[in-house]
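Chemist: My structure is in protein_2.pdb, and what it holds is PDB, C-alpha atoms, pLDDT in the B column:
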```pdb
MODEL        1
ATOM      1  CA  MET A 190       0.000   0.000   0.000  1.00 49.00           C
ATOM      2  CA  GLY A 191       1.253   3.471  -0.823  1.00 56.00           C
ATOM      3  CA  ASP A 192       1.049   6.351   1.628  1.00 68.00           C
ATOM      4  CA  SER A 193      -2.206   7.728   0.230  1.00 74.00           C
ATOM      5  CA  SER A 194      -3.961   4.365   0.237  1.00 88.00           C
ATOM      6  CA  SER A 195      -2.665   3.647   3.769  1.00 91.00           C
ATOM      7  CA  ALA A 196      -3.999   7.001   4.937  1.00 91.00           C
ATOM      8  CA  SER A 197      -7.387   6.410   3.321  1.00 95.00           C
ATOM      9  CA  TYR A 198      -7.565   2.917   4.886  1.00 95.00           C
ATOM     10  CA  ILE A 199      -6.811   4.396   8.324  1.00 95.00           C
ATOM     11  CA  HIS A 200      -9.474   7.050   7.745  1.00 96.00           C
ATOM     12  CA  LEU A 201     -11.947   4.295   6.839  1.00 97.00           C
ATOM     13  CA  VAL A 202     -11.112   2.392  10.044  1.00 97.00           C
ATOM     14  CA  GLN A 203     -11.443   5.628  12.035  1.00 97.00           C
ATOM     15  CA  HIS A 204     -14.839   6.314  10.452  1.00 96.00           C
ATOM     16  CA  LEU A 205     -16.031   2.792  11.289  1.00 97.00           C
ATOM     17  CA  ILE A 206     -14.780   3.152  14.878  1.00 97.00           C
ATOM     18  CA  GLU A 207     -16.783   6.381  15.148  1.00 96.00           C
ATOM     19  CA  LYS A 208     -19.856   4.424  14.031  1.00 96.00           C
ATOM     20  CA  CYS A 209     -19.116   1.833  16.729  1.00 96.00           C
ATOM     21  CA  LEU A 210     -18.965   4.642  19.296  1.00 95.00           C
ATOM     22  CA  ILE A 211     -22.376   5.884  18.155  1.00 92.00           C
ATOM     23  CA  PHE A 212     -23.693   2.369  18.834  1.00 92.00           C
ATOM     24  CA  ARG A 213     -22.095   2.527  22.335  1.00 91.00           C
ATOM     25  CA  MET A 214     -19.717  -0.374  21.641  1.00 93.00           C
ATOM     26  CA  THR A 215     -16.654  -1.172  23.703  1.00 93.00           C
ATOM     27  CA  LYS A 216     -13.253  -1.401  22.042  1.00 96.00           C
ATOM     28  CA  GLU A 217     -13.516  -5.207  22.067  1.00 96.00           C
ATOM     29  CA  GLU A 218     -17.014  -5.194  20.551  1.00 96.00           C
ATOM     30  CA  CYS A 219     -15.820  -2.776  17.868  1.00 97.00           C
ATOM     31  CA  MET A 220     -12.781  -4.938  17.064  1.00 98.00           C
ATOM     32  CA  GLU A 221     -15.026  -7.986  16.733  1.00 97.00           C
ATOM     33  CA  ALA A 222     -17.632  -6.187  14.605  1.00 97.00           C
ATOM     34  CA  LEU A 223     -15.089  -4.679  12.203  1.00 97.00           C
ATOM     35  CA  SER A 224     -13.305  -8.016  11.885  1.00 97.00           C
ATOM     36  CA  LYS A 225     -16.541  -9.850  11.136  1.00 97.00           C
ATOM     37  CA  HIS A 226     -18.322  -7.298   8.936  1.00 96.00           C
ATOM     38  CA  ALA A 227     -15.540  -5.246   7.338  1.00 97.00           C
ATOM     39  CA  LYS A 228     -12.704  -7.820   7.331  1.00 97.00           C
ATOM     40  CA  ILE A 229     -10.465  -5.417   9.285  1.00 97.00           C
ATOM     41  CA  LYS A 230      -7.881  -7.151  11.459  1.00 97.00           C
ATOM     42  CA  PRO A 231      -8.459  -6.558  15.175  1.00 98.00           C
ATOM     43  CA  VAL A 232      -4.858  -5.335  15.581  1.00 98.00           C
ATOM     44  CA  ILE A 233      -5.568  -2.541  13.062  1.00 97.00           C
ATOM     45  CA  THR A 234      -8.775  -1.511  14.831  1.00 98.00           C
ATOM     46  CA  SER A 235      -7.017  -1.620  18.189  1.00 98.00           C
ATOM     47  CA  THR A 236      -4.112   0.510  16.947  1.00 97.00           C
ATOM     48  CA  VAL A 237      -6.385   3.153  15.396  1.00 98.00           C
ATOM     49  CA  TRP A 238      -8.608   3.135  18.530  1.00 97.00           C
ATOM     50  CA  ASN A 239      -5.542   3.665  20.742  1.00 97.00           C
ATOM     51  CA  GLU A 240      -4.412   6.609  18.608  1.00 97.00           C
ATOM     52  CA  LEU A 241      -7.908   8.120  18.773  1.00 97.00           C
ATOM     53  CA  GLU A 242      -7.802   7.733  22.562  1.00 96.00           C
ATOM     54  CA  LYS A 243      -4.494   9.598  22.720  1.00 97.00           C
ATOM     55  CA  GLU A 244      -5.786  12.417  20.509  1.00 96.00           C
ATOM     56  CA  ASN A 245      -9.181  12.680  22.267  1.00 95.00           C
ATOM     57  CA  LYS A 246      -8.343  11.816  25.853  1.00 95.00           C
ATOM     58  CA  GLU A 247     -11.217  13.752  27.473  1.00 95.00           C
ATOM     59  CA  PHE A 248     -13.814  12.257  25.132  1.00 95.00           C
ATOM     60  CA  PHE A 249     -12.715   8.676  25.780  1.00 94.00           C
ATOM     61  CA  GLU A 250     -12.538   9.253  29.539  1.00 94.00           C
ATOM     62  CA  ALA A 251     -16.121  10.557  29.480  1.00 93.00           C
ATOM     63  CA  TYR A 252     -17.155   7.702  27.160  1.00 93.00           C
ATOM     64  CA  ALA A 253     -15.674   5.086  29.504  1.00 91.00           C
ATOM     65  CA  GLU A 254     -17.357   6.730  32.494  1.00 90.00           C
ATOM     66  CA  SER A 255     -20.734   6.768  30.766  1.00 89.00           C
ATOM     67  CA  LYS A 256     -20.316   3.096  29.795  1.00 86.00           C
ATOM     68  CA  ILE A 257     -19.675   2.223  33.461  1.00 85.00           C
ATOM     69  CA  LYS A 258     -22.770   4.182  34.542  1.00 81.00           C
ATOM     70  CA  GLU A 259     -24.771   2.489  31.788  1.00 80.00           C
ATOM     71  CA  GLU A 260     -23.694  -0.965  33.024  1.00 79.00           C
ATOM     72  CA  ARG A 261     -24.464  -0.031  36.617  1.00 80.00           C
ATOM     73  CA  MET A 262     -27.911   1.206  35.622  1.00 75.00           C
ATOM     74  CA  SER A 263     -28.716  -1.958  33.739  1.00 78.00           C
ATOM     75  CA  GLU A 264     -27.551  -4.034  36.727  1.00 78.00           C
ATOM     76  CA  GLU A 265     -29.789  -1.939  38.984  1.00 79.00           C
ATOM     77  CA  GLU A 266     -32.684  -2.240  36.548  1.00 78.00           C
ATOM     78  CA  THR A 267     -32.210  -6.012  36.389  1.00 78.00           C
ATOM     79  CA  SER A 268     -32.117  -6.190  40.175  1.00 80.00           C
ATOM     80  CA  GLN A 269     -35.277  -4.071  40.426  1.00 83.00           C
ATOM     81  CA  MET A 270     -37.054  -6.258  37.861  1.00 78.00           C
ATOM     82  CA  ILE A 271     -36.113  -9.398  39.798  1.00 83.00           C
ATOM     83  CA  GLN A 272     -37.302  -7.832  43.062  1.00 84.00           C
ATOM     84  CA  LYS A 273     -40.584  -6.855  41.404  1.00 82.00           C
ATOM     85  CA  MET A 274     -41.048 -10.374  40.008  1.00 82.00           C
ATOM     86  CA  ILE A 275     -40.399 -11.865  43.449  1.00 84.00           C
ATOM     87  CA  SER A 276     -42.745  -9.371  45.049  1.00 84.00           C
ATOM     88  CA  ASP A 277     -45.455  -9.993  42.411  1.00 82.00           C
ATOM     89  CA  SER A 278     -45.147 -13.762  42.723  1.00 79.00           C
ATOM     90  CA  SER A 279     -45.411 -13.610  46.501  1.00 76.00           C
ATOM     91  CA  LYS A 280     -48.573 -11.467  46.154  1.00 73.00           C
ATOM     92  CA  ASP A 281     -49.984 -14.026  43.706  1.00 66.00           C
ATOM     93  CA  SER A 282     -49.285 -16.886  46.086  1.00 62.00           C
ATOM     94  CA  ASP A 283     -51.013 -14.964  48.895  1.00 58.00           C
ATOM     95  CA  ASP A 284     -54.272 -14.920  46.900  1.00 55.00           C
TER      96      ASP A 284
ENDMDL
END
```
Would you write the structure of this file as structure tokens?
Modeler:
Amino acid sequence: MGDSSSASYIHLVQHLIEKCLIFRMTKEECMEALSKHAKIKPVITSTVWNELEKENKEFFEAYAESKIKEERMSEEETSQMIQKMISDSSKDSDD
């Protein structure tokens, strides 16, 4: 690959990573998706992701924080749903 085709390939990978971010994917999920659907080697995705992280440190810190909050919320929601199911089933058995 010449310099211009290498640069355009990296830009393509960067664009696809940005799409992964829109879909709230982790780095690992993005690597897997691009490997499966775009035939991009995970090492390439990982390298471009790491460079994006270096260039956009604040964004990725906020992104990681929001992912953690998202996971915590879904754990809490799951716990609440289970508690509600238990509570509902105990009410049903009281009838």
Chemist: Please define a box with edges along x, y and z of the file around all atoms of range 210-222 of chain A given in the file, extend it by 8 Å on each side, and return its centre and edge lengths in Å to one decimal, as JSON.
Modeler:
```
{"center_x": -18.2, "center_y": -1.1, "center_z": 19.2, "size_x": 26.9, "size_y": 29.9, "size_z": 25.1}
```
Chemist: Can you measure CA of Tyr198 in chain A to CA of His226 in chain A for me? One decimal in Å is fine.
Modeler: 15.4 Å
Chemist: For Met214 in chain A, work out the shell of residues within 12 Å, counting all atoms listed in the file and skipping chain neighbours fewer than 3 positions away, then give it as JSON, numbers by chain.
Modeler: {"A": [205, 206, 207, 208, 209, 210, 211, 217, 218, 219, 220, 221, 222, 223, 252, 253, 255, 256, 259]}
Chemist: Which residue is closest to Ser195 in chain A? Choose from A:Ala227, A:Ile275, A:Ile233, A:Met270 and count all atoms listed in the file.
Modeler: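 Closest to Ser195 in chain A of all the choices is A:Ile233.
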Chemist: Just give me the gap between CA of Lys230 in chain A and CA of Leu201 in chain A in Å, one decimal is fine.
Modeler: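 Going from CA of Lys230 in chain A over to CA of Leu201 in chain A, I get 13.0 Å.
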Chemist: Would you work out the distance separating CA of Ser194 in chain A from CA of Glu247 in chain A, expressed in Å to one decimal?
Modeler: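 Taking CA of Ser194 in chain A as the start and CA of Glu247 in chain A as the end point, the length is 29.7 Å.
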Chemist: I'd like to know which of A:Arg213, A:Ile199, A:Ser193, A:His204 is closest to Phe249 in chain A, using only C-alpha atoms.
Modeler: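 Using only C-alpha atoms, the shortest distance to Phe249 in chain A belongs to A:Arg213.
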Chemist: Point out the residue among A:Ser224, A:Gln269, A:Gln203, A:Ala251 with the least atom-to-atom distance to Val237 in chain A, counting only C-alpha atoms.
Modeler: A:Gln203
